[in-house]
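Novice: This is the structure I want to talk about, given as structure tokens.
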Amino acid sequence: MEWYEALILGIIQGLTEFLPISSSGHLEIASFILNTKQSQNLLFTVLVHIATAISIIYVFRGDILKIIKGVFTFNKKEIDITLKIIVSSIPVGIIGILFEDRVESFFNGNIILVGSMLLVTSILLFFTYFSREEKGRRITFIDALIIGIAQAFAILPGISRSGATISTAIFLRINRQEATKFSFLMVLIPIFGILLLKIIDGLSSEDIVVANLISFPYAVGFLSALFSGVIACKLMLKIVKESKLIYFSAYCLFVGLISILYGCNNLKESTFYIEPVKEIHELRKISVNSPTPKLDSIGSHLELVDLKKLNDNFKLDIRYASENNFMRSKFYNLSKAYLNKDAAKNLLKAQKDLEEKGFGIVIFDAYRPWYVTKMFWEGTPKHLKHFVADPKDGSVHNRGCAIDIGLYDKKSGKNIKMISGYDEFTERAYPDYNGGKKEKRDIRDLLISTMERNGFSVYEFEWWHFNYNMCNSGIMNYSFEELDSITSI
């Protein structure tokens with residue numbers, strides 16, 4: 001991450017954490033525009049959240065000290081507010097613990113979702129304009145729980161946490177200043193709870209600390225989030241007091257609509273990606289240190305051929321040799337496609353059949369080392385694991401008998417836009433998916449029928465994945481560099 005990216009993201013985090021415009025939504029939009037990889041910036045995420053937490057502590061230091069002192073002196077009023085803050089944290093805690101994988105899957109650069117949720121925030125803020133507070137109305141335990149539920153919904157990127165909690169409190173006719181103060185104080189428990197879990201889960205790794213803790217960009221991000229957070233926190237107190245939330249309603253409406261329109265315009269060009277459950281460096285370490293299944297002992301690697309050398313009409317778009325893939329990380333150092341020679345002969349026949357109809361085969365992936373399969377499995381959330389192979393027994397890719405392909409137009413040389421993107425983990429990837437446009441389903445079905453006619457079978461969850469039916473190879477774990485030096489046509 002460059003220092004200017006850290007500066008921008010830090011300022012956005014500091015301002016939007018307190019202003020009712022969704023910090024998570026704006027970070028998703030900013031990351032989408034800057035093309036930064038949030039999944040590989042765990043330390044940065046933790047640092048900017050620490051910075052915003054410190055902002056709250058600084059602005060409300062008097063109230064916090066009063067609460068702490070009151071708890072230790074058994075002051076009923078301060079104990080009461082402390083218990084209400086704890087109660088308000090229960091819903092978000094339950095969501096975070098029970099549905100962590102599902103929650104993390106929302107943070108995948110889907111700015112259409114972000115835009116839609118910003119519209120929800122806009123509606124909430126708009127209706128606060130017509131709500132009137134009751135003088136002397138204080139927060140009850142039921143109120144605290146309801147406000148906590150609103151905070152839980154704010155896990156969705158685009159739903160403003162402060163906007164949702166303050167709006168809910170105002171709808172409950174609670175004093176505006178009381179609502180704002182409670183909204184900011186109640187976030188401290190979830191922030192520090194999440195930070196503690198993240199630290200235990202990932203930041204104890206020595207290589208992260210040594211590599212990044214003294215990084216200039218991270219220091220810039222921390223400081224920019226801290227100072228912008230203090231400014232935004234104080235500003236928000238004034239805004240709520242003067243009933244000016246409706247201006248932010250208009251802002252969220254504008255940004256939400258722009259995000260939706262921009263997302264729809266770029267939907268066909270975007271690459272589906274997930275938030276890996278572990279950092280990439282950790283996945284590499286796991287794959288290297290894990291015991292492998294029984295590896296090939298019959299010289300299967302000598303039966304692999306380089307498909308591009310075999311036929312130059314094959315177009316290579318090896319996604320895992322770039323960051324244009326579902327984990328946005330580079331797994332191969334070389335852009336190569338190796339396949340068992342018998343499977344390759346049948347693929348040539350399929351290529352010939354498709355060329356007669358004006359198409360060529362574009363190859364996304366072929367032979368895959370076992371360690372990469374292990375990384376995919378360990379990094380994919382549980383609810384999406386049916387899209388990746390279980391490394392326990394190896395995959396057909398590891399045997400050099402599976403290939404991931406699409407089509408390109410022979411005249412223009414451009415890739416054909418299929419019914420779904422490659423490695424798109426949605427129902428649109430299923431070979432029997434009946435939605436979408438008929439012409440795209442027809443092209444998908446043409447590819448599948450052609451491959452099946454030539455000795456391949458399609459994987460039940462992915463229209464692009466084909467297994468060679470007569471495979472007798474063993475599991476291999478050779479890197480492309482190793483294969484490049486020992487194989488030939």
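Chain lettering (A, B, ...) mirrors the order of the structure tokens, residue numbering begins at 1 for each chain separately, and ligand numbering begins at 1 in order of display.
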Set the distance at 7 Å and use only C-alpha atoms: which residues neighbour Arg173 (chain A) once local chain neighbours fewer than 6 positions away are removed? I'd like the list as a list in words.
Specialist: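 Selected residues are Arg132, Glu133 and Glu134 of chain A.
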Novice: Can you write out the residues you just picked, keeping C-alpha atoms, as a CSV table (one decimal), in the first residue's frame?
Specialist:
```
chain,number,residue,atom,x,y,z
A,132,ARG,CA,-39.6,14.7,17.8
A,133,GLU,CA,-37.8,13.9,21.1
A,134,GLU,CA,-39.4,13.7,24.5
```
Novice: With a distance cut-off of 8 Å and only C-alpha atoms, select the neighbouring residues of region 7-23 of chain A, excluding the residue or stretch itself and same-chain residues fewer than 2 positions from it, and output the selection as a ChimeraX atom specification.
Specialist: /A:3-5,25-27,30,48-49,51-52,118,121,157-164,184,217,220-233,236,245,248,251-252
Novice: Taking only residues of region 311-354 of chain A that have an atom at most 7 Å from an atom of region 269-293 of chain A, what is each one's shortest atom pair and its distance in Å to one decimal, using only C-alpha atoms, in chain and number order, as a tab-separated table?
Specialist:
```
residue	atom	partner	partner_atom	distance
A:Asn324	CA	A:Thr271	CA	6.8
A:Asn325	CA	A:Tyr273	CA	6.6
A:Phe326	CA	A:Tyr273	CA	3.7
A:Met327	CA	A:Tyr273	CA	5.6
A:Arg328	CA	A:Tyr273	CA	6.8
```
Novice: Could you save those same residues with N, CA and C atoms as a PDB file, in the first residue's frame?
Specialist:
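Once everything was written out, this is selection.pdb:
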```
ATOM      1  N   ASN A 324      -5.898 -11.250 -10.990  1.00  0.00           N
ATOM      2  CA  ASN A 324      -7.258 -11.197 -11.515  1.00  0.00           C
ATOM      3  C   ASN A 324      -7.959 -12.533 -11.274  1.00  0.00           C
ATOM      4  N   ASN A 325      -8.205 -12.848 -10.005  1.00  0.00           N
ATOM      5  CA  ASN A 325      -8.853 -14.103  -9.639  1.00  0.00           C
ATOM      6  C   ASN A 325      -9.650 -13.927  -8.355  1.00  0.00           C
ATOM      7  N   PHE A 326     -10.289 -14.991  -7.911  1.00  0.00           N
ATOM      8  CA  PHE A 326     -11.248 -14.856  -6.809  1.00  0.00           C
ATOM      9  C   PHE A 326     -10.605 -14.522  -5.463  1.00  0.00           C
ATOM     10  N   MET A 327      -9.295 -14.673  -5.337  1.00  0.00           N
ATOM     11  CA  MET A 327      -8.606 -14.266  -4.109  1.00  0.00           C
ATOM     12  C   MET A 327      -7.718 -13.043  -4.314  1.00  0.00           C
ATOM     13  N   ARG A 328      -7.712 -12.528  -5.537  1.00  0.00           N
ATOM     14  CA  ARG A 328      -6.918 -11.343  -5.858  1.00  0.00           C
ATOM     15  C   ARG A 328      -5.459 -11.475  -5.421  1.00  0.00           C
TER      16      ARG A 328
END
```
Novice: A:His383, A:Lys315, A:Asn175, A:Gln351: which is nearest Lys414 (chain A), counting only C-alpha atoms?
Specialist: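 Closest candidate: A:Lys315.
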Novice: Show me a table, sorted first by chain and then by increasing residue number, of the residues of region 298-402 of chain A having an atom at most 8 Å from region 459-466 of chain A, each with its shortest atom pair and the distance in Å to one decimal, counting only C-alpha atoms and written as a tab-separated table.
Specialist:
```
residue	atom	partner	partner_atom	distance
A:His386	CA	A:Phe461	CA	7.6
A:Phe387	CA	A:Phe461	CA	6.6
A:Ala402	CA	A:Phe466	CA	5.6
```
Novice: Pick out the closest residue to Ala337 (chain A) from this set: A:Glu424, A:Asp365, A:Asp80, A:Glu178. Count only C-alpha atoms.
Specialist: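 So, comparing all the options, the nearest one is A:Asp365.
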Novice: Rank A:Ile81, A:Ile191, A:Ile318, A:Ile64 by their smallest atom-to-atom distance to Ile50 (chain A), using only C-alpha atoms, and report the top residue only.
Specialist: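 Selected residue with least distance to Ile50 (chain A): A:Ile191.
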Novice: If we count only C-alpha atoms and set the cut-off at 6 Å, which residues sit around region 367-378 of chain A, ignoring sequence neighbours fewer than 5 positions away in its own chain? Please answer as a list in words.
Specialist: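 Skipping anything fewer than 5 positions along the chain leaves Leu283, Ser287, Tyr338, Leu339, Pro391, His397, Asn398, Gly400, Asn477 and Tyr478 of chain A.
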Novice: Generate the output file for the selected residues, N, CA and C atoms, as an mmCIF file, in the first residue's frame.
Specialist:
```
data_model
loop_
_atom_site.group_PDB
_atom_site.id
_atom_site.type_symbol
_atom_site.label_atom_id
_atom_site.label_comp_id
_atom_site.auth_asym_id
_atom_site.auth_seq_id
_atom_site.Cartn_x
_atom_site.Cartn_y
_atom_site.Cartn_z
ATOM 1 N N LEU A 283 -1.794 -18.737 4.347
ATOM 2 C CA LEU A 283 -2.210 -19.865 3.523
ATOM 3 C C LEU A 283 -1.000 -20.557 2.893
ATOM 4 N N SER A 287 0.052 -24.457 3.498
ATOM 5 C CA SER A 287 0.176 -25.401 2.378
ATOM 6 C C SER A 287 1.556 -26.054 2.341
ATOM 7 N N TYR A 338 -0.500 -26.714 -18.409
ATOM 8 C CA TYR A 338 -0.075 -28.088 -18.656
ATOM 9 C C TYR A 338 -1.275 -29.025 -18.531
ATOM 10 N N LEU A 339 -1.314 -30.057 -19.392
ATOM 11 C CA LEU A 339 -2.409 -31.019 -19.355
ATOM 12 C C LEU A 339 -1.871 -32.394 -19.756
ATOM 13 N N PRO A 391 -8.473 -30.804 -0.633
ATOM 14 C CA PRO A 391 -7.102 -31.287 -0.876
ATOM 15 C C PRO A 391 -6.805 -32.633 -0.227
ATOM 16 N N HIS A 397 -7.420 -31.483 -11.061
ATOM 17 C CA HIS A 397 -6.425 -30.499 -11.511
ATOM 18 C C HIS A 397 -5.020 -30.947 -11.121
ATOM 19 N N ASN A 398 -4.885 -31.495 -9.900
ATOM 20 C CA ASN A 398 -3.571 -31.936 -9.414
ATOM 21 C C ASN A 398 -3.039 -33.125 -10.212
ATOM 22 N N GLY A 400 -3.464 -33.281 -13.475
ATOM 23 C CA GLY A 400 -3.230 -32.828 -14.847
ATOM 24 C C GLY A 400 -4.313 -33.244 -15.808
ATOM 25 N N ASN A 477 2.649 -32.316 -7.241
ATOM 26 C CA ASN A 477 2.840 -31.075 -6.499
ATOM 27 C C ASN A 477 4.022 -30.279 -7.054
ATOM 28 N N TYR A 478 4.275 -30.460 -8.348
ATOM 29 C CA TYR A 478 5.366 -29.746 -8.997
ATOM 30 C C TYR A 478 4.957 -28.298 -9.309
#
```
Novice: Counting only C-alpha atoms, which residue out of A:Asn469, A:Ser183, A:Ser243, A:Thr45 sits closest to Gly455 (chain A)?
Specialist: A:Asn469
Novice: Nearest residue to Tyr262 (chain A) out of A:Asn75, A:Lys385, A:Leu113, A:Asp306, using only C-alpha atoms?
Specialist: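 Once distances to Tyr262 (chain A) are computed over only C-alpha atoms, the minimum belongs to A:Leu113.
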Novice: Neighbours of Lys357 (chain A) within 10 Å (only C-alpha atoms; same-chain residues fewer than 3 positions away dropped), as number ranges by chain?
Specialist: A: 352-354, 360, 409-410, 446
Novice: So that I can see what lies close to Arg399 (chain A), please list as a JSON list (two decimals) with C-alpha atoms, in the first residue's frame the residues with an atom at most 7 Å from it, counting only C-alpha atoms and leaving out residues fewer than 6 positions away in the same chain.
Specialist:
```
[["chain", "number", "residue", "atom", "x", "y", "z"],
["A", 367, "TYR", "CA", -2.69, -28.59, -14.15],
["A", 473, "SER", "CA", -2.53, -39.93, -13.49],
["A", 474, "GLY", "CA", -1.32, -39.53, -9.91],
["A", 475, "ILE", "CA", -1.44, -36.43, -7.70],
["A", 476, "MET", "CA", 1.40, -34.00, -8.39]]
```
Novice: Among region 201-326 of chain A, which ones does DSSP assign to alpha helix (DSSP H) (computed from the backbone)? Answer as number ranges by chain.
Specialist: A: 206-212, 216-241, 245-266, 280-289, 307-310
Novice: Can you write out the residues you just picked, keeping C-alpha atoms, as a JSON list (two decimals), in the first residue's frame?
Specialist:
```json
[["chain", "number", "residue", "atom", "x", "y", "z"],
["A", 206, "GLU", "CA", 6.02, -12.28, 13.82],
["A", 207, "ASP", "CA", 6.51, -11.68, 10.12],
["A", 208, "ILE", "CA", 3.52, -9.32, 9.94],
["A", 209, "VAL", "CA", 4.65, -7.28, 12.90],
["A", 210, "VAL", "CA", 8.23, -6.96, 11.74],
["A", 211, "ALA", "CA", 7.31, -6.26, 8.13],
["A", 212, "ASN", "CA", 4.54, -3.75, 8.63],
["A", 216, "PHE", "CA", 5.44, 4.69, 6.87],
["A", 217, "PRO", "CA", 2.10, 4.23, 5.02],
["A", 218, "TYR", "CA", 0.58, 2.50, 8.06],
["A", 219, "ALA", "CA", 1.70, 5.36, 10.32],
["A", 220, "VAL", "CA", 0.15, 7.84, 7.87],
["A", 221, "GLY", "CA", -3.11, 5.87, 7.84],
["A", 222, "PHE", "CA", -3.24, 5.69, 11.65],
["A", 223, "LEU", "CA", -2.62, 9.40, 12.17],
["A", 224, "SER", "CA", -5.00, 10.51, 9.42],
["A", 225, "ALA", "CA", -7.76, 8.30, 10.86],
["A", 226, "LEU", "CA", -7.07, 9.61, 14.38],
["A", 227, "PHE", "CA", -7.21, 13.33, 13.59],
["A", 228, "SER", "CA", -10.07, 13.11, 11.09],
["A", 229, "GLY", "CA", -11.95, 10.97, 13.62],
["A", 230, "VAL", "CA", -11.66, 13.62, 16.35],
["A", 231, "ILE", "CA", -12.91, 16.29, 13.94],
["A", 232, "ALA", "CA", -15.81, 14.16, 12.71],
["A", 233, "CYS", "CA", -16.82, 13.09, 16.22],
["A", 234, "LYS", "CA", -17.08, 16.70, 17.44],
["A", 235, "LEU", "CA", -18.82, 17.74, 14.23],
["A", 236, "MET", "CA", -21.40, 14.99, 14.58],
["A", 237, "LEU", "CA", -22.40, 16.15, 18.05],
["A", 238, "LYS", "CA", -23.18, 19.56, 16.62],
["A", 239, "ILE", "CA", -24.99, 18.18, 13.56],
["A", 240, "VAL", "CA", -27.37, 16.00, 15.59],
["A", 241, "LYS", "CA", -28.06, 18.76, 18.08],
["A", 245, "LEU", "CA", -29.07, 14.80, 9.55],
["A", 246, "ILE", "CA", -31.32, 15.35, 6.54],
["A", 247, "TYR", "CA", -28.33, 16.83, 4.65],
["A", 248, "PHE", "CA", -26.52, 13.53, 5.02],
["A", 249, "SER", "CA", -29.65, 11.78, 3.81],
["A", 250, "ALA", "CA", -29.29, 13.66, 0.53],
["A", 251, "TYR", "CA", -25.57, 12.82, 0.39],
["A", 252, "CYS", "CA", -26.18, 9.09, 0.95],
["A", 253, "LEU", "CA", -28.92, 9.14, -1.67],
["A", 254, "PHE", "CA", -26.55, 10.70, -4.22],
["A", 255, "VAL", "CA", -23.56, 8.42, -3.47],
["A", 256, "GLY", "CA", -25.82, 5.36, -3.30],
["A", 257, "LEU", "CA", -27.36, 6.01, -6.71],
["A", 258, "ILE", "CA", -23.95, 6.74, -8.29],
["A", 259, "SER", "CA", -22.53, 3.53, -6.79],
["A", 260, "ILE", "CA", -25.41, 1.43, -8.12],
["A", 261, "LEU", "CA", -25.19, 2.96, -11.60],
["A", 262, "TYR", "CA", -21.41, 2.59, -11.70],
["A", 263, "GLY", "CA", -21.59, -0.98, -10.42],
["A", 264, "CYS", "CA", -24.23, -1.95, -12.99],
["A", 265, "ASN", "CA", -22.14, -0.39, -15.77],
["A", 266, "ASN", "CA", -19.07, -2.40, -14.72],
["A", 280, "ILE", "CA", -2.37, -15.17, 1.87],
["A", 281, "HIS", "CA", 1.01, -15.44, 3.59],
["A", 282, "GLU", "CA", -0.62, -17.69, 6.21],
["A", 283, "LEU", "CA", -2.21, -19.86, 3.52],
["A", 284, "ARG", "CA", 1.19, -20.34, 1.89],
["A", 285, "LYS", "CA", 2.70, -21.37, 5.20],
["A", 286, "ILE", "CA", -0.12, -23.85, 5.85],
["A", 287, "SER", "CA", 0.18, -25.40, 2.38],
["A", 288, "VAL", "CA", 3.95, -25.82, 2.68],
["A", 289, "ASN", "CA", 3.80, -27.36, 6.15],
["A", 307, "LEU", "CA", -0.84, -26.63, -24.33],
["A", 308, "LYS", "CA", 0.35, -23.35, -25.86],
["A", 309, "LYS", "CA", 3.29, -25.15, -27.48],
["A", 310, "LEU", "CA", 0.96, -27.91, -28.61]]
```
Novice: Give me the residues within 7 Å of Arg428 (chain A) as a list of chain:residue names, counting only C-alpha atoms and dropping any in the same chain fewer than 4 places off.
Specialist: A:Ile419, A:Ser420, A:Tyr433
